[in-house]
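*Asks:* Input file: my_file31.txt. Contents: compact mmCIF, C-alpha atoms.
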# COMPACT_ATOMS: atom_id res chain seq x y z
CA MET K 1 128.81 96.15 128.57
CA GLU K 2 127.91 95.40 132.17
CA ARG K 3 126.46 97.56 134.88
CA THR K 4 123.94 97.26 137.67
CA ARG K 5 120.45 98.04 136.51
CA ARG K 6 117.64 99.55 138.54
CA ILE K 7 114.47 97.55 137.91
CA ARG K 8 111.15 99.37 137.82
CA GLN K 9 108.92 97.96 140.59
CA PRO K 10 105.23 98.27 141.48
CA PRO K 11 104.41 101.25 143.75
CA GLY K 12 105.82 100.65 147.22
CA GLY K 13 108.45 98.21 146.04
CA SER K 14 111.96 99.06 144.89
CA MET K 15 115.06 97.02 144.37
CA THR K 16 118.53 97.39 142.93
CA LEU K 17 120.13 94.33 141.44
CA ALA K 18 123.57 93.86 142.85
CA ALA K 19 124.56 91.29 140.24
CA PRO K 20 125.74 92.72 136.91
CA VAL K 21 123.14 92.62 134.13
CA SER K 22 124.53 92.48 130.62
CA LEU K 23 122.95 95.10 128.36
CA PRO K 24 122.49 94.13 124.72
CA THR K 25 125.26 95.34 122.43
CA LEU K 26 125.26 95.40 118.65
CA GLU K 27 128.58 95.55 116.83
CA PHE K 28 128.31 97.70 113.71
CA TRP K 29 131.02 97.07 111.10
CA PHE K 30 130.96 99.80 108.46
CA GLU K 31 132.99 101.57 105.76
CA PHE K 32 132.64 105.13 104.45
CA GLY K 33 133.01 103.95 100.86
CA SER K 34 130.07 101.54 101.16
CA ASN K 35 126.69 102.87 99.99
CA TYR K 36 124.62 100.40 102.01
CA SER K 37 126.68 101.38 105.08
CA TYR K 38 125.39 104.93 104.47
CA LEU K 39 121.81 103.74 105.11
CA SER K 40 122.78 102.04 108.36
CA VAL K 41 124.98 104.87 109.63
CA MET K 42 122.00 107.21 109.29
CA ARG K 43 119.50 104.80 110.90
CA ILE K 44 121.30 102.81 113.59
CA GLY K 45 121.61 105.41 116.35
CA ASP K 46 117.91 106.19 116.68
CA LEU K 47 116.81 102.57 116.21
CA ALA K 48 119.25 101.29 118.83
CA ARG K 49 118.31 104.00 121.35
CA GLN K 50 114.61 103.18 120.90
CA ARG K 51 115.33 99.59 121.88
CA GLY K 52 117.92 100.17 124.59
CA VAL K 53 120.71 98.58 122.59
CA THR K 54 124.30 99.84 122.80
CA VAL K 55 126.09 100.23 119.47
CA ALA K 56 129.78 99.29 119.26
CA TRP K 57 131.05 101.18 116.19
CA LYS K 58 133.57 99.13 114.22
CA PRO K 59 135.02 101.02 111.25
CA PHE K 60 137.13 98.87 108.94
CA LEU K 61 138.41 98.78 105.36
CA LEU K 62 136.59 96.76 102.70
CA GLY K 63 139.41 97.06 100.15
CA PRO K 64 141.69 94.47 101.81
CA ILE K 65 138.69 92.14 102.34
CA PHE K 66 137.77 92.32 98.64
CA GLN K 67 141.43 91.89 97.64
CA GLY K 68 141.43 88.66 99.66
CA PHE K 69 138.69 87.40 97.32
CA GLY K 70 140.85 88.35 94.32
CA TRP K 71 138.73 91.43 93.55
CA ASN K 72 140.34 94.76 92.70
CA SER K 73 137.18 96.82 93.31
CA SER K 74 133.63 96.68 94.67
CA PRO K 75 131.40 93.87 93.36
CA PHE K 76 129.05 96.67 92.25
CA VAL K 77 131.78 97.79 89.85
CA LEU K 78 133.02 94.33 88.87
CA GLN K 79 129.54 92.91 88.19
CA LYS K 80 127.99 95.35 85.75
CA GLU K 81 124.40 94.05 86.01
CA LYS K 82 124.35 94.27 89.80
CA GLY K 83 126.00 97.69 89.65
CA ILE K 84 123.24 99.10 87.44
CA TYR K 85 120.61 97.73 89.81
CA VAL K 86 122.28 98.98 93.00
CA TRP K 87 121.95 102.67 92.15
CA ARG K 88 118.25 102.34 91.41
CA ASP K 89 117.82 100.35 94.62
CA MET K 90 119.68 103.02 96.61
CA ALA K 91 117.43 105.79 95.26
CA ARG K 92 114.34 103.82 96.27
CA GLN K 93 115.72 102.82 99.69
CA CYS K 94 116.66 106.42 100.49
CA ALA K 95 113.17 107.54 99.48
CA LYS K 96 111.70 104.86 101.76
CA TYR K 97 113.81 105.92 104.75
CA GLY K 98 113.46 109.65 104.07
CA LEU K 99 117.19 110.07 103.45
CA PRO K 100 118.73 112.42 100.89
CA TRP K 101 120.68 110.73 98.11
CA LYS K 102 122.91 111.54 95.18
CA GLN K 103 124.68 108.83 93.23
CA PRO K 104 128.41 109.48 93.73
CA SER K 105 130.37 110.36 90.61
CA GLN K 106 133.27 108.26 91.97
CA PHE K 107 132.63 104.81 93.42
CA PRO K 108 133.93 103.39 95.60
CA ARG K 109 135.59 106.46 97.07
CA ARG K 110 138.92 105.97 98.84
CA SER K 111 138.23 106.16 102.58
CA VAL K 112 141.42 105.24 104.46
CA LEU K 113 141.90 108.56 106.28
CA PRO K 114 138.29 109.03 107.45
CA VAL K 115 138.20 105.39 108.59
CA ARG K 116 141.40 105.90 110.60
CA VAL K 117 139.79 108.90 112.29
CA ALA K 118 136.62 106.89 112.94
CA LEU K 119 138.69 104.18 114.62
CA LEU K 120 140.25 106.83 116.83
CA GLY K 121 136.81 108.10 117.84
CA ALA K 122 134.90 104.80 117.83
CA GLU K 123 134.32 104.85 121.59
CA THR K 124 133.72 108.58 121.90
CA PRO K 125 130.36 110.40 121.83
CA TRP K 126 131.19 112.03 118.47
CA ILE K 127 131.45 108.82 116.42
CA GLU K 128 127.79 108.90 115.30
CA ALA K 129 127.70 112.54 114.16
CA TYR K 130 131.13 112.25 112.54
CA SER K 131 130.15 109.11 110.64
CA GLN K 132 126.86 110.64 109.48
CA ARG K 133 128.62 113.78 108.21
CA MET K 134 131.22 111.72 106.38
CA MET K 135 128.57 109.57 104.74
CA GLN K 136 126.53 112.61 103.69
CA ARG K 137 129.64 114.10 102.14
CA ASN K 138 130.09 110.97 100.00
CA PHE K 139 126.49 110.02 99.20
CA VAL K 140 124.60 113.34 99.31
CA GLU K 141 127.16 116.02 98.46
CA ASP K 142 129.21 113.79 96.10
CA ARG K 143 132.48 115.14 97.50
CA ASP K 144 135.88 113.62 98.22
CA ILE K 145 136.19 112.14 101.74
CA ASP K 146 139.83 111.03 101.87
CA ALA K 147 141.82 114.29 101.60
CA PRO K 148 143.07 115.73 104.91
CA GLU K 149 141.12 118.93 104.11
CA ALA K 150 137.90 116.94 103.74
CA VAL K 151 138.30 115.15 107.05
CA SER K 152 139.45 118.23 108.92
CA GLU K 153 136.48 120.22 107.60
CA VAL K 154 134.07 117.62 109.01
CA LEU K 155 135.89 117.48 112.35
CA ALA K 156 135.99 121.27 112.64
CA ASP K 157 132.25 121.48 111.86
CA LEU K 158 131.72 119.24 114.88
CA GLY K 159 133.87 121.53 117.04
CA LEU K 160 136.63 118.93 117.34
CA PRO K 161 140.41 119.61 117.30
CA ALA K 162 140.91 118.61 113.67
CA GLN K 163 144.69 118.89 113.42
CA ASP K 164 145.34 116.92 116.62
CA LEU K 165 142.96 114.19 115.53
CA LEU K 166 144.42 113.95 112.04
CA ARG K 167 147.91 113.65 113.52
CA ALA K 168 146.80 110.94 115.95
CA ALA K 169 144.91 109.10 113.20
CA GLN K 170 148.03 108.98 111.03
CA ALA K 171 150.31 107.80 113.84
CA GLU K 172 151.79 104.36 113.27
CA GLY K 173 149.99 102.86 116.28
CA ASN K 174 146.56 103.87 114.94
CA LYS K 175 147.37 102.68 111.40
CA GLN K 176 148.35 99.34 112.88
CA ARG K 177 145.13 99.17 114.93
CA LEU K 178 143.11 99.63 111.72
CA ARG K 179 145.04 96.81 110.04
CA GLU K 180 144.21 94.63 113.04
CA GLN K 181 140.55 95.65 113.02
CA THR K 182 140.32 94.75 109.31
CA ASP K 183 142.08 91.44 110.00
CA GLU K 184 139.52 90.75 112.72
CA ALA K 185 136.71 91.45 110.21
CA ARG K 186 138.21 88.89 107.83
CA ARG K 187 138.77 86.35 110.62
CA ARG K 188 135.13 86.63 111.72
CA GLY K 189 133.83 85.96 108.21
CA ILE K 190 132.85 89.49 107.17
CA PHE K 191 132.57 89.72 103.37
CA GLY K 192 130.77 93.03 102.92
CA ALA K 193 129.41 96.08 104.74
CA PRO K 194 127.48 96.90 106.73
CA THR K 195 127.75 93.80 108.92
CA PHE K 196 126.32 93.47 112.42
CA PHE K 197 127.23 91.07 115.21
CA VAL K 198 125.36 90.15 118.37
CA GLY K 199 127.94 87.97 120.08
CA SER K 200 128.94 85.46 117.41
CA GLU K 201 125.70 85.89 115.44
CA MET K 202 126.41 87.70 112.16
CA PHE K 203 123.92 89.76 110.13
CA TRP K 204 124.87 91.15 106.72
CA GLY K 205 123.44 94.24 105.10
CA ASN K 206 121.26 97.19 106.01
CA ASP K 207 118.29 94.90 105.27
CA ARG K 208 119.18 92.92 108.42
CA LEU K 209 119.59 95.87 110.81
CA ASP K 210 116.13 95.41 112.32
CA ASP K 211 116.60 91.64 112.66
CA ALA K 212 119.97 92.19 114.34
CA LEU K 213 118.45 94.66 116.83
CA ASP K 214 115.60 92.24 117.55
CA PHE K 215 118.15 89.51 118.11
CA ALA K 216 120.14 91.74 120.48
CA VAL K 217 117.02 92.47 122.53
CA TYR K 218 115.23 89.12 122.49
CA ALA K 219 117.83 86.37 122.09
CA PRO K 220 118.77 84.57 125.31
CA ARG K 221 122.09 85.75 126.75
CA MET C 1 95.62 92.95 83.26
CA GLU C 2 92.56 95.07 82.59
CA ARG C 3 88.96 94.66 83.61
CA THR C 4 86.14 96.83 84.84
CA ARG C 5 86.19 97.23 88.59
CA ARG C 6 83.17 97.68 90.85
CA ILE C 7 83.90 100.46 93.31
CA ARG C 8 82.55 100.17 96.85
CA GLN C 9 80.20 103.07 97.50
CA PRO C 10 78.53 104.54 100.61
CA PRO C 11 75.13 102.95 101.42
CA GLY C 12 72.62 103.93 98.79
CA GLY C 13 75.22 104.67 96.16
CA SER C 14 76.60 102.20 93.64
CA MET C 15 78.54 102.57 90.44
CA THR C 16 80.33 100.45 87.91
CA LEU C 17 83.27 101.99 86.07
CA ALA C 18 82.83 101.44 82.36
CA ALA C 19 86.38 102.47 81.52
CA PRO C 20 89.02 99.74 81.97
CA VAL C 21 91.04 100.08 85.16
CA SER C 22 94.50 98.56 85.06
CA LEU C 23 95.05 96.26 88.05
CA PRO C 24 98.57 96.13 89.44
CA THR C 25 100.66 93.16 88.32
CA LEU C 26 103.90 91.93 89.84
CA GLU C 27 106.21 89.76 87.73
CA PHE C 28 107.86 87.10 89.89
CA TRP C 29 111.04 85.60 88.39
CA PHE C 30 112.09 82.52 90.35
CA GLU C 31 114.10 79.28 90.23
CA PHE C 32 113.55 76.05 92.15
CA GLY C 33 117.28 75.74 92.89
CA SER C 34 117.40 79.18 94.57
CA ASN C 35 117.01 79.21 98.35
CA TYR C 36 115.88 82.83 98.57
CA SER C 37 113.28 82.05 95.88
CA TYR C 38 111.91 79.46 98.34
CA LEU C 39 111.04 82.24 100.80
CA SER C 40 109.23 84.27 98.14
CA VAL C 41 107.39 81.29 96.62
CA MET C 42 105.93 80.56 100.05
CA ARG C 43 105.02 84.19 100.82
CA ILE C 44 104.04 85.91 97.58
CA GLY C 45 100.56 84.46 97.02
CA ASP C 46 99.05 85.55 100.33
CA LEU C 47 100.82 88.93 100.34
CA ALA C 48 99.69 89.73 96.79
CA ARG C 49 96.08 88.66 97.44
CA GLN C 50 95.96 90.86 100.55
CA ARG C 51 96.92 93.86 98.42
CA GLY C 52 94.92 93.07 95.31
CA VAL C 53 98.02 92.52 93.19
CA THR C 54 98.12 89.92 90.39
CA VAL C 55 101.25 87.77 90.29
CA ALA C 56 102.72 86.85 86.90
CA TRP C 57 104.81 83.73 87.62
CA LYS C 58 108.04 83.72 85.58
CA PRO C 59 110.09 80.55 86.10
CA PHE C 60 113.56 80.69 84.53
CA LEU C 61 116.99 79.10 84.83
CA LEU C 62 119.75 80.76 86.84
CA GLY C 63 122.50 78.46 85.51
CA PRO C 64 122.76 80.12 82.09
CA ILE C 65 122.63 83.57 83.73
CA PHE C 66 125.52 82.69 86.05
CA GLN C 67 127.44 81.11 83.15
CA GLY C 68 127.14 84.43 81.34
CA PHE C 69 129.07 85.99 84.26
CA GLY C 70 131.75 83.30 83.89
CA TRP C 71 130.53 81.42 86.99
CA ASN C 72 130.15 77.65 86.98
CA SER C 73 127.95 77.52 90.11
CA SER C 74 126.01 79.64 92.57
CA PRO C 75 127.87 82.59 94.13
CA PHE C 76 127.02 80.95 97.48
CA VAL C 77 129.24 78.05 96.44
CA LEU C 78 131.92 80.08 94.69
CA GLN C 79 132.30 82.62 97.51
CA LYS C 80 132.95 80.51 100.59
CA GLU C 81 132.47 83.28 103.17
CA LYS C 82 129.09 84.30 101.77
CA GLY C 83 128.08 80.66 101.48
CA ILE C 84 128.70 80.01 105.17
CA TYR C 85 126.64 83.06 106.07
CA VAL C 86 123.73 82.26 103.75
CA TRP C 87 122.73 79.04 105.52
CA ARG C 88 122.66 80.74 108.89
CA ASP C 89 120.66 83.61 107.37
CA MET C 90 118.19 81.16 105.81
CA ALA C 91 117.59 79.41 109.15
CA ARG C 92 116.86 82.77 110.80
CA GLN C 93 114.69 84.05 107.93
CA CYS C 94 112.59 80.87 107.92
CA ALA C 95 112.15 81.16 111.69
CA LYS C 96 111.03 84.78 111.21
CA TYR C 97 108.47 83.89 108.53
CA GLY C 98 107.32 80.68 110.27
CA LEU C 99 108.53 78.48 107.42
CA PRO C 100 110.07 75.03 107.84
CA TRP C 101 113.68 74.70 106.74
CA LYS C 102 116.38 72.10 106.24
CA GLN C 103 119.70 72.99 104.64
CA PRO C 104 119.86 70.94 101.42
CA SER C 105 122.64 68.35 101.24
CA GLN C 106 123.08 69.23 97.56
CA PHE C 107 123.23 72.87 96.45
CA PRO C 108 122.28 74.17 94.03
CA ARG C 109 120.03 71.30 92.95
CA ARG C 110 119.53 70.80 89.22
CA SER C 111 116.05 72.10 88.37
CA VAL C 112 115.59 72.04 84.60
CA LEU C 113 112.66 69.62 84.49
CA PRO C 114 110.55 71.19 87.28
CA VAL C 115 111.20 74.64 85.78
CA ARG C 116 109.99 73.41 82.37
CA VAL C 117 106.80 72.15 84.02
CA ALA C 118 106.39 75.44 85.87
CA LEU C 119 106.66 77.31 82.59
CA LEU C 120 103.93 75.09 81.18
CA GLY C 121 101.67 75.88 84.15
CA ALA C 122 102.71 79.48 84.76
CA GLU C 123 99.31 80.88 83.79
CA THR C 124 97.22 78.12 85.35
CA PRO C 125 95.66 78.07 88.82
CA TRP C 126 98.04 75.28 89.96
CA ILE C 127 101.30 77.21 89.56
CA GLU C 128 101.37 78.44 93.18
CA ALA C 129 100.69 75.06 94.85
CA TYR C 130 103.03 73.27 92.43
CA SER C 131 105.84 75.76 93.08
CA GLN C 132 105.39 75.57 96.84
CA ARG C 133 105.48 71.75 96.83
CA MET C 134 108.61 71.73 94.65
CA MET C 135 110.35 74.24 96.94
CA GLN C 136 109.42 72.27 100.06
CA ARG C 137 110.83 69.14 98.45
CA ASN C 138 114.18 70.90 97.96
CA PHE C 139 114.43 73.06 101.08
CA VAL C 140 112.42 71.15 103.69
CA GLU C 141 112.55 67.48 102.65
CA ASP C 142 116.07 67.71 101.13
CA ARG C 143 115.05 65.56 98.16
CA ASP C 144 115.91 65.53 94.47
CA ILE C 145 113.62 67.73 92.33
CA ASP C 146 114.86 67.09 88.80
CA ALA C 147 114.10 63.39 88.21
CA PRO C 148 110.89 62.65 86.26
CA GLU C 149 109.69 60.57 89.25
CA ALA C 150 110.14 63.57 91.56
CA VAL C 151 108.18 65.93 89.33
CA SER C 152 105.45 63.41 88.55
CA GLU C 153 105.00 62.67 92.28
CA VAL C 154 104.38 66.36 92.98
CA LEU C 155 102.00 66.69 90.02
CA ALA C 156 100.06 63.56 91.01
CA ASP C 157 99.78 64.83 94.61
CA LEU C 158 98.05 67.89 93.17
CA GLY C 159 95.66 65.69 91.18
CA LEU C 160 97.20 66.71 87.85
CA PRO C 161 97.84 64.45 84.82
CA ALA C 162 101.53 63.93 85.53
CA GLN C 163 102.52 61.94 82.45
CA ASP C 164 100.79 64.30 80.01
CA LEU C 165 102.39 67.32 81.65
CA LEU C 166 105.87 65.77 81.70
CA ARG C 167 105.54 64.93 78.00
CA ALA C 168 104.39 68.46 77.15
CA ALA C 169 107.13 69.97 79.32
CA GLN C 170 109.81 68.02 77.44
CA ALA C 171 108.47 68.87 73.99
CA GLU C 172 110.86 70.94 71.87
CA GLY C 173 108.50 73.92 71.78
CA ASN C 174 108.39 74.18 75.57
CA LYS C 175 112.16 73.71 75.90
CA GLN C 176 112.61 76.54 73.42
CA ARG C 177 110.16 78.76 75.34
CA LEU C 178 112.24 78.26 78.50
CA ARG C 179 115.41 79.25 76.64
CA GLU C 180 113.60 82.38 75.46
CA GLN C 181 112.29 83.15 78.96
CA THR C 182 115.84 82.85 80.36
CA ASP C 183 117.14 85.05 77.53
CA GLU C 184 114.51 87.62 78.45
CA ALA C 185 115.68 87.49 82.08
CA ARG C 186 119.24 88.25 80.94
CA ARG C 187 118.10 90.99 78.57
CA ARG C 188 116.16 92.71 81.34
CA GLY C 189 119.18 92.78 83.65
CA ILE C 190 118.26 89.92 86.01
CA PHE C 191 121.38 88.68 87.84
CA GLY C 192 119.84 86.55 90.61
CA ALA C 193 116.60 85.17 92.01
CA PRO C 194 114.06 85.98 93.14
CA THR C 195 113.61 89.12 91.08
CA PHE C 196 110.41 91.14 90.81
CA PHE C 197 109.29 93.61 88.17
CA VAL C 198 106.53 96.20 88.22
CA GLY C 199 106.63 97.41 84.65
CA SER C 200 110.30 98.23 84.07
CA GLU C 201 111.05 98.71 87.78
CA MET C 202 113.23 95.85 89.03
CA PHE C 203 113.48 94.60 92.62
CA TRP C 204 116.03 91.94 93.59
CA GLY C 205 115.70 89.49 96.45
CA ASN C 206 113.07 88.27 98.88
CA ASP C 207 114.03 91.28 101.03
CA ARG C 208 112.42 93.53 98.39
CA LEU C 209 109.12 91.62 97.99
CA ASP C 210 107.21 94.02 100.24
CA ASP C 211 108.72 97.07 98.52
CA ALA C 212 107.82 95.62 95.12
CA LEU C 213 104.21 95.01 96.22
CA ASP C 214 103.99 98.54 97.63
CA PHE C 215 105.33 99.87 94.36
CA ALA C 216 102.77 97.83 92.41
CA VAL C 217 99.94 99.27 94.50
CA TYR C 218 101.05 102.86 95.01
CA ALA C 219 103.24 103.89 92.08
CA PRO C 220 101.47 105.97 89.44
CA ARG C 221 100.47 103.97 86.38
Have the structure of the file written as structure tokens, please.

*Replies:*
Amino acid sequence: MERTRRIRQPPGGSMTLAAPVSLPTLEFWFEFGSNYSYLSVMRIGDLARQRGVTVAWKPFLLGPIFQGFGWNSSPFVLQKEKGIYVWRDMARQCAKYGLPWKQPSQFPRRSVLPVRVALLGAETPWIEAYSQRMMQRNFVEDRDIDAPEAVSEVLADLGLPAQDLLRAAQAEGNKQRLREQTDEARRRGIFGAPTFFVGSEMFWGNDRLDDALDFAVYAPR
Amino acid sequence: MERTRRIRQPPGGSMTLAAPVSLPTLEFWFEFGSNYSYLSVMRIGDLARQRGVTVAWKPFLLGPIFQGFGWNSSPFVLQKEKGIYVWRDMARQCAKYGLPWKQPSQFPRRSVLPVRVALLGAETPWIEAYSQRMMQRNFVEDRDIDAPEAVSEVLADLGLPAQDLLRAAQAEGNKQRLREQTDEARRRGIFGAPTFFVGSEMFWGNDRLDDALDFAVYAPR
């Protein structure tokens, strides 16, 4: 993102830069079925605002990425030992961040429809609230997120035109855009979610959110 | 670990608790072939001393654990995309912690002999310095760690009787103890390294070292 930036000056002085200054942007690749994406969806908005970083929301589908590795489910399902650990880790991480948590009775939940809607709204002001509500539905309320009724309930709660958005999300052009977004994830080396990018610099996992924000602010551009 | 603890009192007051007070202990399960174990081996001693936590050093072998999952190498080798990411992540993590780093030309390095020696010294005062030197050899100097000459060089540098220790490390009883330690790792659900335990509470990865120490200090015992 580029814009001219007014620089704070000592009293008496004032100046507006005419040249464009690039503001730091963090790409946030996430999935509503991903439990560690839940942590980042709840945290990223406030953390980024505190540091003056713009978040580019990048919803995508993990299923096709995992299928490319020959996996038919989440590694947390396929690798029993890691799966057992992950739910204990999630309970502790949520306690640490002050987030509510309930282990979902279905995992991973199918998320194609809510992700299509997220793609539609990715550059709108409602993407953060929508994503948080969807995540809470999955990981706090333990409710389905993929039925049209589920998605339209969340959209209506936010005062958005649910039926219009559902129709637009299911249009062929938007479905194709999501396939392309997921292809881009694969092409850029994404193998899990959440994943963050600052330019070409990739950070994997909620555990790297702070590092990624620091990088966005402090790395030379 | 139990001992009586002298409690600091206001001036004029002083008291010694006669009842045993249990001091917090953190089990540290690590492997010299594991790059994320390198980070924790370098950090854990100082962090634990600052918080008054005792570290129980638990060297074990990851190879047999991975073989139990049907893997013939590290997941960082078997999963190409994650492997590419991990080396970039390591460079950044080492920069963050102020640790030197060189991506090893062989990965994962065979580590049976140095792990056997570590098991022998796990409850001695030299375990920390020995483990740090072995890790630096692998992840800073990019040198073999499994040859008898490699291990004896590190032991001699520390002023230890290298030949006696190598002989004791290779004795059948010590080999068997390492098999049992690795079996215990599997039985307790360990699927990678480093892994920390506070009682039955398991924490996986260098990213959880601070959480594990906090848990050791603050969780009710």

*Asks:* Within 9 Å of chain K, which residues of chain C are there when counting all atoms listed in the file? Please give them as a ChimeraX atom specification.

*Replies:* /C:69,79,81-82,84-85,88-89,96,189-192,201-204,207,211

*Asks:* Name the residues in contact with range 182-185 of chain C at a cut-off of 9 Å, using all atoms listed in the file, excluding same-chain residues fewer than 5 positions from it; report them as a list in words.

*Replies:*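 My reading of the contact set: Trp29, Pro59, Phe60, Leu61, Leu62, Pro64, Ile65, Arg177, Ile190 and Phe191 of chain C.
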
*Asks:* Quick one: residues within 8 Å of Arg110 in chain K, only C-alpha atoms, excluding same-chain residues fewer than 5 positions away - as an NGL selection string?

*Replies:* :K and (33 or 145-146)

*Asks:* Quick one: residues within 9 Å of range 54-58 of chain K, only C-alpha atoms, excluding same-chain residues fewer than 5 positions away - as a PDB file with C-alpha atoms, keeping the file's coordinate frame?

*Replies:*
ATOM      1  CA  MET K   1     128.810  96.150 128.570  1.00  0.00           C
ATOM      2  CA  LEU K  23     122.950  95.100 128.360  1.00  0.00           C
ATOM      3  CA  PRO K  24     122.490  94.130 124.720  1.00  0.00           C
ATOM      4  CA  THR K  25     125.260  95.340 122.430  1.00  0.00           C
ATOM      5  CA  LEU K  26     125.260  95.400 118.650  1.00  0.00           C
ATOM      6  CA  GLU K  27     128.580  95.550 116.830  1.00  0.00           C
ATOM      7  CA  PHE K  28     128.310  97.700 113.710  1.00  0.00           C
ATOM      8  CA  TRP K  29     131.020  97.070 111.100  1.00  0.00           C
ATOM      9  CA  PHE K  30     130.960  99.800 108.460  1.00  0.00           C
ATOM     10  CA  GLU K  31     132.990 101.570 105.760  1.00  0.00           C
ATOM     11  CA  ILE K  44     121.300 102.810 113.590  1.00  0.00           C
ATOM     12  CA  GLY K  45     121.610 105.410 116.350  1.00  0.00           C
ATOM     13  CA  ALA K  48     119.250 101.290 118.830  1.00  0.00           C
ATOM     14  CA  ARG K  49     118.310 104.000 121.350  1.00  0.00           C
ATOM     15  CA  ALA K 118     136.620 106.890 112.940  1.00  0.00           C
ATOM     16  CA  LEU K 119     138.690 104.180 114.620  1.00  0.00           C
ATOM     17  CA  ALA K 122     134.900 104.800 117.830  1.00  0.00           C
ATOM     18  CA  GLU K 123     134.320 104.850 121.590  1.00  0.00           C
ATOM     19  CA  ILE K 127     131.450 108.820 116.420  1.00  0.00           C
ATOM     20  CA  GLU K 128     127.790 108.900 115.300  1.00  0.00           C
ATOM     21  CA  GLN K 181     140.550  95.650 113.020  1.00  0.00           C
TER      22      GLN K 181
END

*Asks:* Identify, on the basis of only C-alpha atoms, every residue whose closest approach to Ala219 in chain K does not exceed 10 Å; exclude the query and any residue fewer than 5 positions from it along the same chain; express the result as a ChimeraX atom specification.

*Replies:* /K:24,198,212-214

*Asks:* Pick from C:Ser73, C:Ser22, C:Gln170, C:Gln132: nearest to Tyr38 in chain C, with all atoms listed in the file counted?

*Replies:*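 Once distances to Tyr38 in chain C are computed over all atoms listed in the file, the minimum belongs to C:Gln132.
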
*Asks:* Under the rule that only C-alpha atoms are counted, which of C:Gly63, C:Gly173, C:Pro75, C:Pro220 is the nearest residue to Leu120 in chain C?

*Replies:*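 Closest candidate: C:Gly173.
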
*Asks:* Figure out the distance between CA of Ser37 in chain K and CA of Pro194 in chain K, please, to one decimal in Å.

*Replies:*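 That distance, rounded to one decimal, is 4.8 Å.
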
*Asks:* Rebuild range 140-150 of chain K so that it carries N, CA, C and O atoms, then output the result as a PDB file, in the coordinates of the input.

*Replies:*
ATOM      1  N   VAL K 140     125.582 112.269  99.526  1.00  0.00           N
ATOM      2  CA  VAL K 140     124.600 113.340  99.310  1.00  0.00           C
ATOM      3  C   VAL K 140     125.265 114.506  98.580  1.00  0.00           C
ATOM      4  O   VAL K 140     124.738 115.028  97.607  1.00  0.00           O
ATOM      5  N   GLU K 141     126.470 114.861  99.062  1.00  0.00           N
ATOM      6  CA  GLU K 141     127.160 116.020  98.460  1.00  0.00           C
ATOM      7  C   GLU K 141     128.087 115.602  97.318  1.00  0.00           C
ATOM      8  O   GLU K 141     128.589 116.464  96.595  1.00  0.00           O
ATOM      9  N   ASP K 142     128.325 114.311  97.172  1.00  0.00           N
ATOM     10  CA  ASP K 142     129.210 113.790  96.100  1.00  0.00           C
ATOM     11  C   ASP K 142     130.581 114.456  96.143  1.00  0.00           C
ATOM     12  O   ASP K 142     131.090 114.916  95.127  1.00  0.00           O
ATOM     13  N   ARG K 143     131.167 114.495  97.347  1.00  0.00           N
ATOM     14  CA  ARG K 143     132.480 115.140  97.500  1.00  0.00           C
ATOM     15  C   ARG K 143     133.504 114.142  98.029  1.00  0.00           C
ATOM     16  O   ARG K 143     133.170 113.194  98.742  1.00  0.00           O
ATOM     17  N   ASP K 144     134.744 114.406  97.723  1.00  0.00           N
ATOM     18  CA  ASP K 144     135.880 113.620  98.220  1.00  0.00           C
ATOM     19  C   ASP K 144     135.812 113.491  99.753  1.00  0.00           C
ATOM     20  O   ASP K 144     135.418 114.443 100.440  1.00  0.00           O
ATOM     21  N   ILE K 145     136.190 112.331 100.287  1.00  0.00           N
ATOM     22  CA  ILE K 145     136.190 112.140 101.740  1.00  0.00           C
ATOM     23  C   ILE K 145     137.568 111.781 102.285  1.00  0.00           C
ATOM     24  O   ILE K 145     137.738 111.677 103.494  1.00  0.00           O
ATOM     25  N   ASP K 146     138.552 111.585 101.405  1.00  0.00           N
ATOM     26  CA  ASP K 146     139.830 111.030 101.870  1.00  0.00           C
ATOM     27  C   ASP K 146     140.934 112.078 102.038  1.00  0.00           C
ATOM     28  O   ASP K 146     141.935 111.810 102.690  1.00  0.00           O
ATOM     29  N   ALA K 147     140.776 113.261 101.459  1.00  0.00           N
ATOM     30  CA  ALA K 147     141.820 114.290 101.600  1.00  0.00           C
ATOM     31  C   ALA K 147     141.825 114.811 103.040  1.00  0.00           C
ATOM     32  O   ALA K 147     140.771 114.897 103.671  1.00  0.00           O
ATOM     33  N   PRO K 148     143.002 115.173 103.556  1.00  0.00           N
ATOM     34  CA  PRO K 148     143.070 115.730 104.910  1.00  0.00           C
ATOM     35  C   PRO K 148     142.137 116.929 105.086  1.00  0.00           C
ATOM     36  O   PRO K 148     141.507 117.085 106.138  1.00  0.00           O
ATOM     37  N   GLU K 149     142.001 117.753 104.016  1.00  0.00           N
ATOM     38  CA  GLU K 149     141.120 118.930 104.110  1.00  0.00           C
ATOM     39  C   GLU K 149     139.661 118.506 104.301  1.00  0.00           C
ATOM     40  O   GLU K 149     138.905 119.150 105.026  1.00  0.00           O
ATOM     41  N   ALA K 150     139.274 117.425 103.624  1.00  0.00           N
ATOM     42  CA  ALA K 150     137.900 116.940 103.740  1.00  0.00           C
ATOM     43  C   ALA K 150     137.610 116.496 105.166  1.00  0.00           C
ATOM     44  O   ALA K 150     136.605 116.882 105.775  1.00  0.00           O
TER      45      ALA K 150
END
